[in-house]
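Coordinates from protein-v3.txt are shown below (compact mmCIF, C-alpha atoms).
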# COMPACT_ATOMS: atom_id res chain seq x y z
CA MET A 1 80.97 97.44 128.90
CA THR A 2 81.27 94.84 126.20
CA LYS A 3 78.59 92.21 125.94
CA ILE A 4 80.58 89.13 125.04
CA LYS A 5 78.97 86.49 127.14
CA VAL A 6 80.69 83.72 128.98
CA GLU A 7 78.36 81.25 127.24
CA ASP A 8 79.62 82.42 123.83
CA LEU A 9 83.19 81.84 124.89
CA LYS A 10 82.37 78.45 126.38
CA ARG A 11 80.64 77.41 123.17
CA ILE A 12 83.69 78.44 121.14
CA LYS A 13 85.91 76.55 123.52
CA GLU A 14 83.96 73.35 123.03
CA GLU A 15 83.91 73.71 119.25
CA VAL A 16 87.60 74.45 119.10
CA GLN A 17 88.54 71.51 121.27
CA LYS A 18 86.69 69.22 118.91
CA ALA A 19 88.54 70.57 115.90
CA THR A 20 91.93 70.68 117.59
CA SER A 21 91.82 67.04 118.58
CA LEU A 22 91.67 66.15 114.87
CA ARG A 23 94.72 68.18 114.11
CA GLU A 24 97.12 67.18 116.88
CA GLY A 25 100.00 69.04 115.35
CA GLY A 26 101.52 72.34 114.40
CA LYS A 27 100.52 74.56 111.55
CA ARG A 28 101.16 73.74 107.91
CA VAL A 29 101.45 77.31 106.65
CA LYS A 30 102.74 80.49 108.27
CA THR A 31 101.55 83.73 106.70
CA THR A 32 103.15 87.02 107.69
CA VAL A 33 101.54 90.35 106.87
CA HIS A 34 104.06 93.18 107.12
CA MET A 35 102.59 95.87 109.40
CA GLY A 36 105.04 98.73 109.51
CA THR A 37 103.87 102.31 109.06
CA CYS A 38 104.41 101.86 105.31
CA GLY A 39 102.38 98.66 105.21
CA ILE A 40 99.54 100.12 107.27
CA ALA A 41 99.39 103.28 105.16
CA SER A 42 99.18 101.24 101.96
CA GLY A 43 96.46 98.84 103.06
CA ALA A 44 98.02 95.98 105.05
CA ARG A 45 95.15 95.97 107.55
CA LYS A 46 92.59 95.20 104.84
CA VAL A 47 94.84 92.47 103.48
CA LEU A 48 95.19 90.88 106.91
CA ASN A 49 91.48 91.10 107.65
CA SER A 50 90.57 89.53 104.30
CA LEU A 51 92.95 86.65 105.04
CA VAL A 52 91.51 86.16 108.53
CA SER A 53 87.97 86.16 107.08
CA ALA A 54 88.94 83.69 104.35
CA ILE A 55 90.43 81.33 106.94
CA GLU A 56 87.29 81.57 109.04
CA GLU A 57 84.93 81.08 106.09
CA GLU A 58 86.81 78.03 104.84
CA GLY A 59 87.16 76.61 108.34
CA VAL A 60 90.87 76.04 107.75
CA GLN A 61 92.74 74.97 110.88
CA ASP A 62 96.37 74.67 109.84
CA VAL A 63 97.16 78.21 108.64
CA MET A 64 98.83 80.60 111.05
CA VAL A 65 98.65 84.36 110.55
CA THR A 66 101.13 86.74 112.09
CA THR A 67 102.46 90.25 111.51
CA SER A 68 105.91 91.76 111.32
CA GLY A 69 107.44 95.18 110.91
CA CYS A 70 108.88 97.00 107.95
CA ILE A 71 111.66 95.24 106.05
CA GLY A 72 112.76 98.30 104.13
CA ILE A 73 110.98 97.65 100.84
CA CYS A 74 108.29 100.22 101.59
CA SER A 75 107.48 100.94 97.94
CA LYS A 76 106.29 97.36 97.43
CA GLU A 77 103.91 97.31 100.39
CA PRO A 78 101.60 95.72 101.38
CA LEU A 79 103.92 92.71 101.56
CA VAL A 80 102.78 89.24 102.58
CA THR A 81 105.11 86.29 103.14
CA VAL A 82 103.72 82.77 102.76
CA GLU A 83 105.78 79.96 104.21
CA VAL A 84 104.52 76.47 103.53
CA LEU A 85 106.15 73.90 105.80
CA GLY A 86 109.22 72.45 104.08
CA GLU A 87 109.20 74.97 101.22
CA ASP A 88 110.97 78.27 100.58
CA PRO A 89 108.98 81.29 101.78
CA ILE A 90 107.42 83.43 99.06
CA THR A 91 107.01 87.17 99.58
CA TYR A 92 104.16 88.77 97.66
CA GLN A 93 104.15 92.48 96.83
CA SER A 94 101.57 95.24 96.34
CA MET A 95 98.88 93.06 97.85
CA ASP A 96 95.21 93.92 98.16
CA GLU A 97 92.14 92.04 99.36
CA ASN A 98 91.49 90.30 96.03
CA LYS A 99 95.08 89.22 95.53
CA MET A 100 95.15 87.98 99.12
CA ARG A 101 92.09 85.83 98.53
CA GLN A 102 93.64 84.44 95.36
CA VAL A 103 96.92 83.64 97.15
CA PHE A 104 94.91 82.03 99.93
CA ARG A 105 92.91 79.82 97.55
CA ARG A 106 95.63 78.91 95.07
CA HIS A 107 98.87 78.97 97.07
CA ILE A 108 98.04 78.49 100.75
CA ILE A 109 95.32 75.92 100.03
CA GLY A 110 96.20 74.80 96.47
CA GLY A 111 99.99 74.79 96.82
CA GLU A 112 100.61 76.71 93.59
CA VAL A 113 102.84 79.81 93.95
CA GLN A 114 101.21 82.88 92.39
CA ARG A 115 104.28 84.06 90.51
CA GLN A 116 102.59 87.12 89.04
CA PHE A 117 102.33 88.73 92.52
CA ALA A 118 105.61 87.41 93.91
CA LEU A 119 108.49 89.69 94.79
CA ALA A 120 111.00 87.16 96.04
CA LYS A 121 111.63 83.60 97.07
CA GLY A 122 113.64 82.74 100.14
CA LEU A 123 114.26 84.27 103.52
CA GLU A 124 114.30 88.02 104.06
CA MET B 1 96.81 107.35 107.12
CA GLN B 2 93.17 107.80 106.26
CA ASP B 3 91.70 107.64 109.74
CA LEU B 4 92.51 107.42 113.43
CA SER B 5 92.11 103.64 113.61
CA LEU B 6 95.08 103.24 111.24
CA HIS B 7 97.19 105.61 113.35
CA ILE B 8 96.23 103.56 116.41
CA LEU B 9 97.33 100.32 114.72
CA ASP B 10 100.62 101.97 113.80
CA ILE B 11 101.38 103.44 117.24
CA VAL B 12 100.46 100.21 119.05
CA GLU B 13 102.91 98.40 116.73
CA ASN B 14 105.56 100.73 118.23
CA SER B 15 104.50 99.61 121.71
CA ILE B 16 104.79 95.98 120.70
CA ALA B 17 108.20 96.60 119.15
CA SER B 18 109.25 98.02 122.54
CA LYS B 19 108.36 94.66 124.14
CA ALA B 20 105.15 95.79 125.82
CA SER B 21 102.99 93.07 127.34
CA GLN B 22 100.07 95.40 128.05
CA VAL B 23 98.77 98.21 125.88
CA ALA B 24 95.85 100.48 126.70
CA ILE B 25 94.08 102.46 124.00
CA ARG B 26 91.82 105.18 125.38
CA ILE B 27 89.57 107.41 123.32
CA THR B 28 87.56 110.18 124.94
CA GLU B 29 85.17 112.19 122.85
CA ASP B 30 83.71 115.40 124.19
CA PRO B 31 81.70 117.09 121.44
CA GLU B 32 80.38 119.78 123.81
CA GLU B 33 83.88 120.87 124.73
CA ASP B 34 84.93 120.39 121.10
CA GLN B 35 87.67 117.98 122.11
CA MET B 36 88.79 114.46 121.37
CA ILE B 37 91.68 112.73 123.13
CA LEU B 38 93.50 109.59 122.05
CA GLU B 39 95.90 107.96 124.48
CA ILE B 40 98.04 104.89 123.93
CA GLU B 41 99.91 103.67 126.98
CA ASP B 42 102.23 100.69 127.16
CA ASP B 43 104.53 98.96 129.61
CA GLY B 44 107.36 98.57 127.11
CA VAL B 45 111.02 99.43 127.57
CA GLY B 46 110.40 103.18 127.27
CA ILE B 47 112.40 105.78 125.39
CA PRO B 48 115.70 107.22 126.68
CA PRO B 49 115.20 110.85 127.85
CA GLU B 50 117.57 112.25 125.24
CA LEU B 51 115.48 110.67 122.47
CA VAL B 52 111.93 111.52 123.60
CA GLU B 53 111.97 114.88 121.84
CA ARG B 54 113.21 113.34 118.63
CA VAL B 55 110.56 110.65 118.21
CA VAL B 56 108.30 113.00 116.25
CA ASP B 57 111.16 113.93 113.93
CA PRO B 58 110.43 112.09 110.65
CA PHE B 59 114.15 111.71 110.02
CA PHE B 60 114.73 109.96 113.31
CA THR B 61 114.20 106.24 113.81
CA THR B 62 115.84 103.48 115.80
CA ARG B 63 115.24 101.07 112.96
CA THR B 64 118.03 99.92 110.74
CA THR B 65 115.91 98.81 107.78
CA ARG B 66 115.24 102.37 106.63
CA LYS B 67 116.20 105.93 107.44
CA VAL B 68 112.85 107.51 108.22
CA GLY B 69 110.36 107.04 111.06
CA LEU B 70 106.97 108.39 110.21
CA GLY B 71 104.50 106.86 112.66
CA LEU B 72 104.47 109.46 115.42
CA SER B 73 105.26 112.28 112.98
CA LEU B 74 102.12 111.45 111.01
CA LEU B 75 99.96 111.33 114.13
CA GLN B 76 101.38 114.66 115.28
CA GLN B 77 100.55 116.12 111.88
CA ALA B 78 97.00 114.71 112.06
CA ALA B 79 96.54 116.31 115.50
CA ARG B 80 98.01 119.69 114.55
CA LEU B 81 95.95 119.88 111.37
CA CYS B 82 92.87 120.21 113.56
CA GLU B 83 94.35 122.47 116.22
CA GLY B 84 95.35 119.65 118.52
CA ASP B 85 98.77 118.39 119.47
CA LEU B 86 100.77 115.30 120.37
CA HIS B 87 102.76 114.61 123.51
CA VAL B 88 104.95 111.67 124.37
CA ARG B 89 105.86 110.86 127.95
CA SER B 90 108.15 107.97 128.61
CA THR B 91 110.04 106.44 131.52
CA GLN B 92 112.73 103.95 130.73
CA GLY B 93 111.88 100.56 132.11
CA GLU B 94 108.26 101.55 132.80
CA GLY B 95 106.64 102.41 129.52
CA THR B 96 105.41 105.12 127.21
CA LEU B 97 102.29 107.26 126.95
CA VAL B 98 101.36 108.85 123.64
CA ARG B 99 98.61 111.45 123.89
CA ALA B 100 97.05 113.11 120.88
CA SER B 101 94.37 115.78 121.11
CA PHE B 102 92.06 116.97 118.37
CA ARG B 103 89.45 119.69 117.97
CA TYR B 104 86.40 117.50 117.72
CA HIS B 105 84.40 119.51 115.20
CA HIS B 106 87.36 120.65 113.11
CA ILE B 107 86.73 119.89 109.45
CA ASP B 108 90.18 118.30 109.12
CA ARG B 109 89.79 115.99 112.09
CA LYS B 110 90.19 112.47 110.78
CA PRO B 111 87.27 110.11 111.36
CA LEU B 112 87.60 107.25 113.84
CA GLY B 113 87.69 104.57 111.14
CA ASP B 114 87.46 100.83 111.40
CA ILE B 115 88.40 100.12 115.01
CA PRO B 116 87.20 96.47 114.87
CA SER B 117 89.68 95.73 112.05
CA THR B 118 92.48 97.45 113.95
CA LEU B 119 91.82 95.35 117.06
CA VAL B 120 91.62 92.17 114.99
CA ALA B 121 94.93 92.96 113.28
CA LEU B 122 96.60 93.63 116.64
CA ILE B 123 95.22 90.49 118.28
CA VAL B 124 96.03 88.19 115.34
CA GLY B 125 99.55 89.57 115.07
CA ASN B 126 100.25 89.67 118.79
CA PRO B 127 98.05 87.20 120.65
CA SER B 128 100.24 87.27 123.76
CA VAL B 129 99.89 91.02 124.28
CA ASP B 130 97.03 92.16 126.52
CA LEU B 131 95.06 94.93 124.88
CA GLN B 132 92.58 97.20 126.52
CA TYR B 133 90.38 99.47 124.44
CA VAL B 134 88.29 102.03 126.32
CA HIS B 135 86.08 104.42 124.40
CA CYS B 136 84.06 107.12 126.17
CA LYS B 137 81.51 109.24 124.39
CA ALA B 138 78.64 111.32 125.75
CA GLY B 139 78.49 109.57 129.10
CA LYS B 140 78.69 106.07 127.60
CA THR B 141 81.70 103.82 127.82
CA PHE B 142 82.60 100.85 125.67
CA CYS B 143 85.47 98.60 126.70
CA VAL B 144 87.30 95.62 125.23
CA ASP B 145 89.77 93.77 127.45
CA THR B 146 91.63 90.88 125.84
CA ALA B 147 93.06 89.68 129.18
CA GLN B 148 89.49 89.08 130.33
CA PHE B 149 88.64 87.16 127.13
CA LYS B 150 91.69 85.00 127.55
CA ARG B 151 90.62 84.01 131.06
CA GLU B 152 87.15 83.12 129.85
CA LEU B 153 88.44 81.17 126.84
CA GLU B 154 90.37 78.97 129.29
CA GLY B 155 93.34 78.13 127.13
CA ILE B 156 91.72 78.34 123.69
CA PRO B 157 93.88 80.76 121.70
CA ILE B 158 92.44 84.26 121.42
CA ASP B 159 93.52 84.36 117.77
CA HIS B 160 91.32 81.40 116.89
CA PRO B 161 89.07 82.39 113.95
CA GLN B 162 85.87 82.06 115.96
CA ALA B 163 87.17 84.07 118.90
CA ILE B 164 88.34 86.73 116.45
CA ARG B 165 84.95 86.88 114.79
CA LEU B 166 83.24 87.29 118.14
CA ILE B 167 85.58 90.12 119.13
CA ARG B 168 85.03 91.83 115.78
CA GLU B 169 81.24 91.60 116.05
CA GLU B 170 81.11 92.74 119.65
CA THR B 171 83.44 95.67 119.03
CA ARG B 172 81.26 96.72 116.13
CA ARG B 173 78.11 96.43 118.23
CA GLY B 174 79.68 98.37 121.10
CA LEU B 175 80.76 101.19 118.82
CA GLU B 176 77.35 101.26 117.16
CA GLU B 177 75.91 101.92 120.59
CA LEU B 178 78.20 104.94 120.77
CA GLY B 179 76.72 106.15 117.50
CA TYR B 180 79.16 104.79 114.92
CA LEU B 181 78.00 103.14 111.72
CA PHE B 182 79.76 100.29 109.97
CA ALA B 183 79.16 99.13 106.43

With the file now loaded, output its structure as structure tokens.
Amino acid sequence: MTKIKVEDLKRIKEEVQKATSLREGGKRVKTTVHMGTCGIASGARKVLNSLVSAIEEEGVQDVMVTTSGCIGICSKEPLVTVEVLGEDPITYQSMDENKMRQVFRRHIIGGEVQRQFALAKGLE
Amino acid sequence: MQDLSLHILDIVENSIASKASQVAIRITEDPEEDQMILEIEDDGVGIPPELVERVVDPFFTTRTTRKVGLGLSLLQQAARLCEGDLHVRSTQGEGTLVRASFRYHHIDRKPLGDIPSTLVALIVGNPSVDLQYVHCKAGKTFCVDTAQFKRELEGIPIDHPQAIRLIREETRRGLEELGYLFA
């Protein structure tokens, strides 16, 4: 059986409650990693895991990560859509771990769209 | 797909697309009998009887965004390449069981791969789905049960970065006890 201890979970709970009380709101950015068969085969899992690690390392609280299925542009996978609250969503193509970290730093945190990786602007 | 953990991520995404709220991933390794079994069972909407036989057909899909459906076809190919096979059993309204078998020592059997990253991707993308991962090898069993974590987290989201890191580390440790190595 797994050895995650109740104390570990309790500790996390306390730490999270502290941080959440500062936030008191929804998320500022929604990031969607496309996880169809095509995305998975071309590396979407690494992209998602690098994003999750970056969020954890930076201690960012207002970025939501989710996944979706294939949108039919399989040749451009891995695709990642970044939607900053109040702005048009940007879909990035042919992503990898390094590009994901750059998009995280410069777009998700810095607010500057990384045009060189972008496939489209607007809703799917 | 380079390894079994990527196939697992892909097939569980099917379960989630079929509105499953619980998904069990079971891996049983039996090196002495030269066999490895992977089962993925969900409580989704199930597959109509007339379609069950077609799900492994790469040119069949229920999607409308594209004309091919490769997930199960690729897993079937991975199983057959090492003298195993794939079976799908489904009851509409109850759920679906996908069972893939492999010859354990076959040179073409894909390695297990990065299971911790697969679980993290599934949890982050689908925090409301309850996932159970049970891995048996040589008399040892390692188990991850997200429903249990959720109860112990008492309302803190399971996809919180710190909860995710804990799950990743513990999964890695559990699999290392079964003899797997992670970089």

task = Using only C-alpha atoms, find which residues of chain B lie within 6 Å of chain A and jot them down as a VMD selection string.
result = chain B and resid 1 10 65 to 66 71 125 142 to 143 153 161

message = Which residues are close to B:Ala79, i.e. within 9 Å by all atoms listed in the file, leaving aside same-chain residues fewer than 3 positions away? Reply as an NGL selection string.
response = :B and (74-76 or 82-86 or 100-103 or 109-110)

inquiry  = Taking (115.3, 83.8, 96.9) in the coordinates of the supplied file, I want to know which residues reach to within 12 Å of it, counting all atoms listed in the file; could you give the answer as a PyMOL selection string?
reply    = chain A and resi 87-91+118-124

request  = Write out as number ranges by chain each polymer residue whose atoms come within 12 Å of B:Ile16, counting all atoms listed in the file; drop sequence neighbours fewer than 2 positions from it.
outcome  = A: 35-36, 67-69; B: 9-14, 18-24, 40-46, 95-96, 122-123, 125-131

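A straight line drawn from atom CA of B:Ile25 to atom CA of B:Ile8 is 8.0 Å long.
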
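Interatomic distance, atom CA of B:Val56 to atom CA of B:Glu39: 15.7 Å.
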
A:Val29 surroundings by all atoms listed in the file, 6 Å radius, close-in-sequence under 2 positions cut, as a PDB file with C-alpha atoms, in the frame of the given file:
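Wrote it out as result-v7.pdb, contents follow:
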ATOM      1  CA  LYS A  27     100.520  74.560 111.550  1.00  0.00           C
ATOM      2  CA  VAL A  63      97.160  78.210 108.640  1.00  0.00           C
ATOM      3  CA  GLU A  83     105.780  79.960 104.210  1.00  0.00           C
ATOM      4  CA  VAL A  84     104.520  76.470 103.530  1.00  0.00           C
ATOM      5  CA  LEU A  85     106.150  73.900 105.800  1.00  0.00           C
TER       6      LEU A  85
END

Go through stretch 23-132 of chain B and flag each residue having an atom no more than 12 Å from stretch 165-171 of chain B; for those, report the closest pair of atoms plus their distance in Å to one decimal, using all atoms listed in the file, ordered by chain and rising number, as JSON lines.
{"residue": "B:Asp114", "atom": "CA", "partner": "B:Thr171", "partner_atom": "CA", "distance": 10.1}
{"residue": "B:Ile115", "atom": "CA", "partner": "B:Thr171", "partner_atom": "CA", "distance": 7.8}
{"residue": "B:Pro116", "atom": "CA", "partner": "B:Arg168", "partner_atom": "CA", "distance": 5.2}
{"residue": "B:Ser117", "atom": "CA", "partner": "B:Arg168", "partner_atom": "CA", "distance": 7.1}
{"residue": "B:Thr118", "atom": "CA", "partner": "B:Arg168", "partner_atom": "CA", "distance": 9.5}
{"residue": "B:Leu119", "atom": "CA", "partner": "B:Arg168", "partner_atom": "CA", "distance": 7.8}
{"residue": "B:Val120", "atom": "CA", "partner": "B:Arg168", "partner_atom": "CA", "distance": 6.6}
{"residue": "B:Ala121", "atom": "CA", "partner": "B:Arg168", "partner_atom": "CA", "distance": 10.3}
{"residue": "B:Leu122", "atom": "CA", "partner": "B:Arg168", "partner_atom": "CA", "distance": 11.7}
{"residue": "B:Ile123", "atom": "CA", "partner": "B:Ile167", "partner_atom": "CA", "distance": 9.7}
{"residue": "B:Val124", "atom": "CA", "partner": "B:Arg165", "partner_atom": "CA", "distance": 11.2}
{"residue": "B:Gln132", "atom": "CA", "partner": "B:Thr171", "partner_atom": "CA", "distance": 11.9}

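Among the candidate residues B:Ala78, B:Leu112, B:Leu70, B:Pro48, the one lying nearest to B:Thr91 is B:Pro48, with distances computed using all atoms listed in the file.
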
request  = Between atom CA of B:Val88 and atom CA of B:Glu33, measure the distance and give it in Å to one decimal.
outcome  = 23.0 Å

Env of B:Tyr104: 9 Å cut, atoms = only C-alpha atoms, seq-sep filter 5 positions within chain, self excluded. Answer as a PDB file with C-alpha atoms, in the frame of the given file.
ATOM      1  CA  GLU B  29      85.170 112.190 122.850  1.00  0.00           C
ATOM      2  CA  ASP B  30      83.710 115.400 124.190  1.00  0.00           C
ATOM      3  CA  PRO B  31      81.700 117.090 121.440  1.00  0.00           C
ATOM      4  CA  GLU B  32      80.380 119.780 123.810  1.00  0.00           C
ATOM      5  CA  GLU B  33      83.880 120.870 124.730  1.00  0.00           C
ATOM      6  CA  ASP B  34      84.930 120.390 121.100  1.00  0.00           C
ATOM      7  CA  GLN B  35      87.670 117.980 122.110  1.00  0.00           C
ATOM      8  CA  MET B  36      88.790 114.460 121.370  1.00  0.00           C
ATOM      9  CA  ILE B  37      91.680 112.730 123.130  1.00  0.00           C
ATOM     10  CA  CYS B  82      92.870 120.210 113.560  1.00  0.00           C
ATOM     11  CA  ARG B 109      89.790 115.990 112.090  1.00  0.00           C
TER      12      ARG B 109
END

request  = Using all atoms listed in the file, determine which residues lie at most 10 Å from B:Leu51, disregarding the query and same-chain residues fewer than 5 positions distant; provide the list as a list in words.
outcome  = Val56, Phe60, Thr61, Thr62 and Ser90 of chain B

Please produce a file of those selected residues containing C-alpha atoms, as a compact mmCIF listing (two decimals), in the frame of the given file.
# COMPACT_ATOMS: atom_id res chain seq x y z
CA VAL B 56 108.30 113.00 116.25
CA PHE B 60 114.73 109.96 113.31
CA THR B 61 114.20 106.24 113.81
CA THR B 62 115.84 103.48 115.80
CA SER B 90 108.15 107.97 128.61

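Considering only C-alpha atoms, the residue among B:Gly69, B:Pro58, B:Gly113, B:Pro49 positioned nearest to B:Tyr180 is B:Gly113.
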